[in-house]
Amino acid sequence: MSEKETYESMMWTEKYRPLKIDDVVNQRAVVERLKSMLKSPGGMPHLLFAGPPGTGKTTTALCIARAIMGDYWRDFTLELNASDERGINTVRDRVKTFARYADRRVEIPFRIIILDEADEMTNDAQTALRRIMETYSKGTRFILICNYSSRIIEPIQSRCAIFRFSRLAEDDVVGYLKVICEKEAVKFEENALRTIYRVSEGDLRQAINILESASILGEVNDTNVEKTSGISGKAKVEEVVKLALDGDFKGARSKLIELTRVYGLSDRDFLKYANEALVDLNPPNLGEASEAMAKYDYRLIVGAHPEIQLTALLAELGRIGKDAGFKPK
Ligand SMILES: Nc1ncnc2c1ncn2[C@@H]1O[C@H](COP(=O)(O)OP(=O)(O)O)[C@@H](O)[C@H]1O
Ligand SMILES: [Mg+2]
């Protein structure tokens with residue numbers, strides 16, 4: 001396969017991953033601080049990137065490696081995922097081998113180790129990680145990536161410069177999706193791009209994935225976006241909740257089973273959508289209904305049988321709807 005063909009067949013999220021820090025969408029505060037840091041890379045400390053998924057953390061880490069090491073960045077950058085590695089000992093071994101590997105072709109200030117999902121590590125593993133960071137700090141810099149910095153032990157936090165990534169705003173996401181549509185020569189409706197933003201909640205990876213799937217169906221319009229993004233799943237769950245509140249237990253139950261068994265909707269997603277639907281439907285005794293949701297949410301988390309629990313939830317919603325004299329619109 002030629003390089004061009006590889007590029008053509010790449011997923012859009014990879015194809016449109018910025019290579020330069022200046023091309024990262026928004027995250028202005030982060031980008032500005034990093035750019036001034038990169039003026040004298042030798043003085044760069046370890047970094048900790050925190051924030052929601054799909055907001056540019058990994059992308060920015062790779063941009064830094066490229067900015068510091070140019071064409072050779074791949075040889076001097078180690079990417080690890082804390083939850084993929086079998087434990088802190090494998091992390092230590094891989095860091096050790098990587099840090100020792102001698103290559104004197106080029107002058108680089110240090111090697112970079114990107115450790116993704118660092119907040120998935122236990123406190124003990126993090127304590128060991130902190131020692132590893134110290135041992136190799138002369139020739140390497142760590143970029144730790146996590147969703148929540150509060151889950152990183154304090155001794156690591158205090159040794160890192162912390163950068164917080166935020167969810168991307170609607171105009172940022174819609175603007176980026178438009179650029180992709182133009183480059184891919186895909187027809188789109190502006191409104192559908194806004195729908196994608198709403199569904200993906202500021203996660204640009206998810207937004208680009210929905211865009212790509214919708215484009216495979218043809219034009220990027222609301223119908224195709226709905227087909228690929230699970231919005232229709234949400235609408236169907238709303239129907240089930242309405243039926244239940246309205247006292248049609250049998251109808252609600254058969255739709256529930258169709259959704260989970262045929263359509264493959266997970267019980268977690270069912271509950272999430274049902275909760276959103278309840279808030280939208282706003283029955284007079286919403287508080288009571290919310291308590292019921294919370295109860296079943298908990299039961300599912302501790303491992304109760306999903307179909308039995310969700311069926312019981314529908315029965316309970318029926319009672320709640322009856323008490324409130326609920327009549328759906
Ligand atoms: N701020 C951003 N600027 C440009 N592209 C982004 C941004 N955030 C996410 N993306 C897109 O989403 C994909 C995943 O981004 P990534 O940096 O891996 O997110 P994460 O914050 O989860 O590490 C990228 O390949 C890119 O296409
Ligand atoms: Mg990432």
# chains A, B, ... in the order shown; residues from 1 in each chain; ligands from 1
$ residues_near_ligand --ligand "ligand 1" --cutoff "7 Å" --atoms "only C-alpha atoms and all ligand atoms" --output "PyMOL selection string"
chain A and resi 12-18+23-27+51-60+203-205+208
$ write_last_selection --atoms "C-alpha atoms" --output "PDB file, in the first residue's frame"
ATOM      1  CA  TRP A  12     -10.726  10.771  10.065  1.00  0.00           C
ATOM      2  CA  THR A  13      -9.807  11.202  13.714  1.00  0.00           C
ATOM      3  CA  GLU A  14      -6.231  10.223  12.830  1.00  0.00           C
ATOM      4  CA  LYS A  15      -6.172  11.958   9.477  1.00  0.00           C
ATOM      5  CA  TYR A  16      -7.243  15.247  11.063  1.00  0.00           C
ATOM      6  CA  ARG A  17      -5.123  15.045  14.195  1.00  0.00           C
ATOM      7  CA  PRO A  18      -3.139  18.306  14.251  1.00  0.00           C
ATOM      8  CA  ASP A  23      -3.304  23.820  14.916  1.00  0.00           C
ATOM      9  CA  VAL A  24      -4.812  22.405  18.106  1.00  0.00           C
ATOM     10  CA  VAL A  25      -8.383  23.671  18.306  1.00  0.00           C
ATOM     11  CA  ASN A  26      -8.929  26.106  21.181  1.00  0.00           C
ATOM     12  CA  GLN A  27      -7.353  25.093  24.543  1.00  0.00           C
ATOM     13  CA  GLY A  51      -9.377  16.877  31.080  1.00  0.00           C
ATOM     14  CA  PRO A  52     -12.315  15.126  29.426  1.00  0.00           C
ATOM     15  CA  PRO A  53     -11.869  12.695  26.516  1.00  0.00           C
ATOM     16  CA  GLY A  54     -11.468  13.940  22.961  1.00  0.00           C
ATOM     17  CA  THR A  55     -10.233  17.405  23.840  1.00  0.00           C
ATOM     18  CA  GLY A  56      -6.676  17.202  22.498  1.00  0.00           C
ATOM     19  CA  LYS A  57      -4.508  15.844  25.327  1.00  0.00           C
ATOM     20  CA  THR A  58      -2.740  13.068  23.404  1.00  0.00           C
ATOM     21  CA  THR A  59      -2.589  15.240  20.301  1.00  0.00           C
ATOM     22  CA  THR A  60      -0.874  18.041  22.214  1.00  0.00           C
ATOM     23  CA  ASP A 203     -15.687  15.496  22.681  1.00  0.00           C
ATOM     24  CA  LEU A 204     -14.122  16.177  19.279  1.00  0.00           C
ATOM     25  CA  ARG A 205     -13.049  12.559  18.739  1.00  0.00           C
ATOM     26  CA  ILE A 208     -15.488  13.390  14.093  1.00  0.00           C
TER      27      ILE A 208
END
$ atom_distance --atom1 "CA of Tyr296 (chain A)" --atom2 "CA of Tyr148 (chain A)"
26.6 Å
$ closest_residue --among "A:Lys39, A:His46, A:Arg86, A:Lys242" --to "Ile162 (chain A)" --atoms "only C-alpha atoms"
A:His46
$ closest_residue --among "A:Leu278, A:Val173, A:Val91, A:Leu48" --to "Asp119 (chain A)" --atoms "only C-alpha atoms"
A:Leu48
$ residues_around --residues "Ala252 (chain A)" --least-positions-apart "5" --cutoff "9 Å" --atoms "only C-alpha atoms" --output "PyMOL selection string"
chain A and resi 239-244+247+257+311+314
$ write_last_selection --atoms "all heavy atoms" --output "PDB file, in the first residue's frame"
ATOM      1  N   GLU A 239     -39.965   6.931  24.296  1.00  0.00           N
ATOM      2  CA  GLU A 239     -41.258   6.300  24.021  1.00  0.00           C
ATOM      3  C   GLU A 239     -41.596   5.278  25.113  1.00  0.00           C
ATOM      4  O   GLU A 239     -42.734   5.230  25.595  1.00  0.00           O
ATOM      5  CB  GLU A 239     -41.131   5.557  22.689  1.00  0.00           C
ATOM      6  CG  GLU A 239     -42.192   5.842  21.675  1.00  0.00           C
ATOM      7  CD  GLU A 239     -41.864   5.058  20.408  1.00  0.00           C
ATOM      8  OE1 GLU A 239     -41.032   5.572  19.627  1.00  0.00           O
ATOM      9  OE2 GLU A 239     -42.398   3.943  20.235  1.00  0.00           O
ATOM     10  N   VAL A 240     -40.600   4.466  25.479  1.00  0.00           N
ATOM     11  CA  VAL A 240     -40.819   3.445  26.511  1.00  0.00           C
ATOM     12  C   VAL A 240     -41.220   4.108  27.833  1.00  0.00           C
ATOM     13  O   VAL A 240     -42.172   3.672  28.504  1.00  0.00           O
ATOM     14  CB  VAL A 240     -39.536   2.590  26.720  1.00  0.00           C
ATOM     15  CG1 VAL A 240     -39.735   1.589  27.844  1.00  0.00           C
ATOM     16  CG2 VAL A 240     -39.147   1.882  25.438  1.00  0.00           C
ATOM     17  N   VAL A 241     -40.514   5.176  28.191  1.00  0.00           N
ATOM     18  CA  VAL A 241     -40.801   5.857  29.458  1.00  0.00           C
ATOM     19  C   VAL A 241     -42.218   6.437  29.442  1.00  0.00           C
ATOM     20  O   VAL A 241     -42.961   6.342  30.424  1.00  0.00           O
ATOM     21  CB  VAL A 241     -39.750   6.965  29.725  1.00  0.00           C
ATOM     22  CG1 VAL A 241     -40.141   7.825  30.924  1.00  0.00           C
ATOM     23  CG2 VAL A 241     -38.378   6.334  29.960  1.00  0.00           C
ATOM     24  N   LYS A 242     -42.604   7.016  28.300  1.00  0.00           N
ATOM     25  CA  LYS A 242     -43.954   7.574  28.169  1.00  0.00           C
ATOM     26  C   LYS A 242     -45.003   6.495  28.376  1.00  0.00           C
ATOM     27  O   LYS A 242     -45.953   6.671  29.141  1.00  0.00           O
ATOM     28  CB  LYS A 242     -44.136   8.167  26.766  1.00  0.00           C
ATOM     29  CG  LYS A 242     -43.951   9.655  26.711  1.00  0.00           C
ATOM     30  CD  LYS A 242     -44.408  10.124  25.327  1.00  0.00           C
ATOM     31  CE  LYS A 242     -43.726  11.407  24.947  1.00  0.00           C
ATOM     32  NZ  LYS A 242     -43.807  11.710  23.528  1.00  0.00           N
ATOM     33  N   LEU A 243     -44.810   5.354  27.684  1.00  0.00           N
ATOM     34  CA  LEU A 243     -45.757   4.258  27.805  1.00  0.00           C
ATOM     35  C   LEU A 243     -45.866   3.807  29.253  1.00  0.00           C
ATOM     36  O   LEU A 243     -46.967   3.593  29.773  1.00  0.00           O
ATOM     37  CB  LEU A 243     -45.321   3.069  26.931  1.00  0.00           C
ATOM     38  CG  LEU A 243     -45.516   3.221  25.420  1.00  0.00           C
ATOM     39  CD1 LEU A 243     -44.875   2.051  24.680  1.00  0.00           C
ATOM     40  CD2 LEU A 243     -46.999   3.298  25.074  1.00  0.00           C
ATOM     41  N   ALA A 244     -44.713   3.687  29.924  1.00  0.00           N
ATOM     42  CA  ALA A 244     -44.711   3.219  31.307  1.00  0.00           C
ATOM     43  C   ALA A 244     -45.465   4.187  32.209  1.00  0.00           C
ATOM     44  O   ALA A 244     -46.341   3.792  32.977  1.00  0.00           O
ATOM     45  CB  ALA A 244     -43.275   3.032  31.800  1.00  0.00           C
ATOM     46  N   GLY A 247     -49.095   4.013  32.055  1.00  0.00           N
ATOM     47  CA  GLY A 247     -49.758   2.825  32.573  1.00  0.00           C
ATOM     48  C   GLY A 247     -49.792   1.640  31.609  1.00  0.00           C
ATOM     49  O   GLY A 247     -50.339   0.593  31.922  1.00  0.00           O
ATOM     50  N   ILE A 257     -37.657  -4.700  25.660  1.00  0.00           N
ATOM     51  CA  ILE A 257     -36.973  -5.926  25.258  1.00  0.00           C
ATOM     52  C   ILE A 257     -36.484  -5.848  23.815  1.00  0.00           C
ATOM     53  O   ILE A 257     -35.374  -6.253  23.489  1.00  0.00           O
ATOM     54  CB  ILE A 257     -37.889  -7.146  25.518  1.00  0.00           C
ATOM     55  CG1 ILE A 257     -37.934  -7.344  27.048  1.00  0.00           C
ATOM     56  CG2 ILE A 257     -37.377  -8.397  24.829  1.00  0.00           C
ATOM     57  CD1 ILE A 257     -38.906  -8.360  27.519  1.00  0.00           C
ATOM     58  N   THR A 311     -37.338  -4.021  33.955  1.00  0.00           N
ATOM     59  CA  THR A 311     -38.771  -4.309  33.913  1.00  0.00           C
ATOM     60  C   THR A 311     -39.441  -3.792  35.197  1.00  0.00           C
ATOM     61  O   THR A 311     -40.504  -3.160  35.151  1.00  0.00           O
ATOM     62  CB  THR A 311     -39.008  -5.828  33.762  1.00  0.00           C
ATOM     63  OG1 THR A 311     -38.304  -6.271  32.594  1.00  0.00           O
ATOM     64  CG2 THR A 311     -40.482  -6.143  33.594  1.00  0.00           C
ATOM     65  N   LEU A 314     -39.950  -0.140  35.028  1.00  0.00           N
ATOM     66  CA  LEU A 314     -41.132   0.260  34.241  1.00  0.00           C
ATOM     67  C   LEU A 314     -42.395   0.143  35.081  1.00  0.00           C
ATOM     68  O   LEU A 314     -43.271   1.018  35.035  1.00  0.00           O
ATOM     69  CB  LEU A 314     -41.245  -0.596  32.975  1.00  0.00           C
ATOM     70  CG  LEU A 314     -40.099  -0.447  31.965  1.00  0.00           C
ATOM     71  CD1 LEU A 314     -40.350  -1.326  30.739  1.00  0.00           C
ATOM     72  CD2 LEU A 314     -39.907   1.010  31.551  1.00  0.00           C
TER      73      LEU A 314
END
$ select_by_dssp --residues "region 44-252 of chain A" --states "helix (DSSP H, G or I)" --output "MDAnalysis selection string"
chainID A and resid 57:76 88:100 118:120 123:135 149:151 154:157 170:184 190:200 204:216 222:229 231:245 249:252
$ residues_around --residues "Glu107 (chain A)" --least-positions-apart "5" --cutoff "12 Å" --atoms "only C-alpha atoms" --output "list of chain:residue names"
A:Gly42, A:Ile68, A:Met69, A:Gly70, A:Tyr72, A:Trp73, A:Phe76, A:Ala102, A:Gly139
$ atom_distance --atom1 "CA of Phe98 (chain A)" --atom2 "CA of Gln126 (chain A)"
19.4 Å
$ residues_around --residues "Leu310 (chain A)" --least-positions-apart "4" --cutoff "9 Å" --atoms "only C-alpha atoms" --output "number ranges by chain"
A: 253, 256, 267, 270-271, 296, 300, 305-306, 314-315
$ write_last_selection --atoms "N, CA, C and O atoms" --output "short mmCIF file (atom, residue, chain, number, x, y, z; two decimals), in the first residue's frame"
data_model
loop_
_atom_site.label_atom_id
_atom_site.label_comp_id
_atom_site.auth_asym_id
_atom_site.auth_seq_id
_atom_site.Cartn_x
_atom_site.Cartn_y
_atom_site.Cartn_z
N ARG A 253 -42.87 -2.78 28.25
CA ARG A 253 -41.95 -3.89 28.44
C ARG A 253 -41.54 -4.52 27.10
O ARG A 253 -40.36 -4.82 26.90
N LEU A 256 -39.05 -2.30 25.54
CA LEU A 256 -37.78 -2.38 26.25
C LEU A 256 -36.97 -3.59 25.77
O LEU A 256 -35.77 -3.50 25.48
N ASP A 267 -27.94 -1.76 29.03
CA ASP A 267 -28.81 -1.35 30.13
C ASP A 267 -28.38 0.00 30.70
O ASP A 267 -29.20 0.81 31.10
N PHE A 270 -29.73 2.58 28.42
CA PHE A 270 -31.18 2.68 28.60
C PHE A 270 -31.49 3.59 29.78
O PHE A 270 -32.30 4.51 29.69
N LEU A 271 -30.79 3.33 30.88
CA LEU A 271 -31.06 4.10 32.09
C LEU A 271 -30.70 5.58 31.92
O LEU A 271 -31.41 6.47 32.36
N TYR A 296 -32.52 1.98 40.75
CA TYR A 296 -32.20 0.95 39.76
C TYR A 296 -30.79 1.13 39.21
O TYR A 296 -30.12 0.15 38.88
N LEU A 300 -28.10 -1.93 39.24
CA LEU A 300 -27.39 -2.40 38.05
C LEU A 300 -25.88 -2.36 38.28
O LEU A 300 -25.15 -3.25 37.86
N HIS A 305 -29.65 -8.47 37.80
CA HIS A 305 -30.01 -8.87 36.44
C HIS A 305 -30.67 -7.70 35.69
O HIS A 305 -31.75 -7.24 36.09
N PRO A 306 -30.07 -7.21 34.60
CA PRO A 306 -30.55 -6.00 33.95
C PRO A 306 -32.01 -6.07 33.51
O PRO A 306 -32.78 -5.14 33.78
N LEU A 314 -39.95 -0.14 35.03
CA LEU A 314 -41.13 0.26 34.24
C LEU A 314 -42.40 0.14 35.08
O LEU A 314 -43.27 1.02 35.03
N ALA A 315 -42.49 -0.94 35.87
CA ALA A 315 -43.67 -1.12 36.73
C ALA A 315 -43.75 0.02 37.73
O ALA A 315 -44.82 0.60 37.96
#
$ residues_around --residues "Lys322 (chain A)" --least-positions-apart "5" --cutoff "9 Å" --atoms "only C-alpha atoms" --output "MDAnalysis selection string"
chainID A and resid 245:247 317
$ closest_residue --among "A:Thr140, A:Asn147, A:Met133, A:Glu170" --to "ligand 2" --atoms "only C-alpha atoms and all ligand atoms"
A:Asn147
$ atom_distance --atom1 "CA of Ser215 (chain A)" --atom2 "CA of Glu184 (chain A)"
9.5 Å
$ select_by_dssp --residues "region 145-215 of chain A" --states "strand (DSSP E)" --output "list in words"
Ile145, Cys146, Cys160, Ala161, Ile162, Phe163 and Arg164 of chain A
$ write_last_selection --atoms "all heavy atoms" --output "mmCIF file, in the first residue's frame"
data_model
loop_
_atom_site.group_PDB
_atom_site.id
_atom_site.type_symbol
_atom_site.label_atom_id
_atom_site.label_comp_id
_atom_site.auth_asym_id
_atom_site.auth_seq_id
_atom_site.Cartn_x
_atom_site.Cartn_y
_atom_site.Cartn_z
ATOM 1 N N ILE A 145 -1.085 11.700 31.288
ATOM 2 C CA ILE A 145 -2.406 12.120 30.814
ATOM 3 C C ILE A 145 -3.480 11.469 31.667
ATOM 4 O O ILE A 145 -3.381 10.282 31.989
ATOM 5 C CB ILE A 145 -2.587 11.740 29.333
ATOM 6 C CG1 ILE A 145 -1.507 12.433 28.499
ATOM 7 C CG2 ILE A 145 -3.980 12.113 28.832
ATOM 8 C CD1 ILE A 145 -1.635 12.232 26.999
ATOM 9 N N CYS A 146 -4.461 12.265 32.061
ATOM 10 C CA CYS A 146 -5.542 11.696 32.877
ATOM 11 C C CYS A 146 -6.828 12.473 32.642
ATOM 12 O O CYS A 146 -6.806 13.552 32.051
ATOM 13 C CB CYS A 146 -5.167 11.767 34.357
ATOM 14 S SG CYS A 146 -4.991 13.438 34.968
ATOM 15 N N CYS A 160 4.934 18.027 38.689
ATOM 16 C CA CYS A 160 4.548 18.260 37.290
ATOM 17 C C CYS A 160 3.976 19.665 37.110
ATOM 18 O O CYS A 160 3.391 20.213 38.038
ATOM 19 C CB CYS A 160 3.458 17.281 36.864
ATOM 20 S SG CYS A 160 3.960 15.570 36.805
ATOM 21 N N ALA A 161 4.134 20.195 35.918
ATOM 22 C CA ALA A 161 3.356 21.377 35.557
ATOM 23 C C ALA A 161 2.013 20.860 35.057
ATOM 24 O O ALA A 161 1.971 19.996 34.186
ATOM 25 C CB ALA A 161 4.056 22.165 34.463
ATOM 26 N N ILE A 162 0.921 21.356 35.659
ATOM 27 C CA ILE A 162 -0.407 20.827 35.341
ATOM 28 C C ILE A 162 -1.105 21.694 34.289
ATOM 29 O O ILE A 162 -1.112 22.923 34.393
ATOM 30 C CB ILE A 162 -1.281 20.724 36.612
ATOM 31 C CG1 ILE A 162 -0.553 19.866 37.660
ATOM 32 C CG2 ILE A 162 -2.653 20.144 36.301
ATOM 33 C CD1 ILE A 162 -1.329 19.646 38.946
ATOM 34 N N PHE A 163 -1.647 21.025 33.289
ATOM 35 C CA PHE A 163 -2.383 21.723 32.230
ATOM 36 C C PHE A 163 -3.784 21.154 32.157
ATOM 37 O O PHE A 163 -3.949 19.942 32.086
ATOM 38 C CB PHE A 163 -1.681 21.521 30.878
ATOM 39 C CG PHE A 163 -0.362 22.220 30.790
ATOM 40 C CD1 PHE A 163 0.780 21.627 31.327
ATOM 41 C CD2 PHE A 163 -0.256 23.463 30.194
ATOM 42 C CE1 PHE A 163 2.006 22.277 31.266
ATOM 43 C CE2 PHE A 163 0.967 24.122 30.129
ATOM 44 C CZ PHE A 163 2.109 23.529 30.661
ATOM 45 N N ARG A 164 -4.769 22.043 32.210
ATOM 46 C CA ARG A 164 -6.157 21.572 32.189
ATOM 47 C C ARG A 164 -6.811 21.827 30.838
ATOM 48 O O ARG A 164 -6.864 22.958 30.375
ATOM 49 C CB ARG A 164 -6.953 22.265 33.293
ATOM 50 C CG ARG A 164 -6.394 21.914 34.647
ATOM 51 C CD ARG A 164 -7.221 22.410 35.804
ATOM 52 N NE ARG A 164 -6.438 22.243 37.022
ATOM 53 C CZ ARG A 164 -6.243 21.089 37.639
ATOM 54 N NH1 ARG A 164 -6.809 19.993 37.168
ATOM 55 N NH2 ARG A 164 -5.483 21.011 38.721
#
$ residues_around --residues "Phe326 (chain A)" --least-positions-apart "2" --cutoff "10 Å" --atoms "only C-alpha atoms" --output "MDAnalysis selection string"
chainID A and resid 242 245:247 281:285 318 320:324 328:329
$ closest_residue --among "A:Glu182, A:Glu117, A:Glu154, A:Glu276" --to "ligand 2" --atoms "only C-alpha atoms and all ligand atoms"
A:Glu117
$ closest_residue --among "A:Ala29, A:Val179, A:Met293, A:Ala65" --to "Gln309 (chain A)" --atoms "only C-alpha atoms"
A:Met293
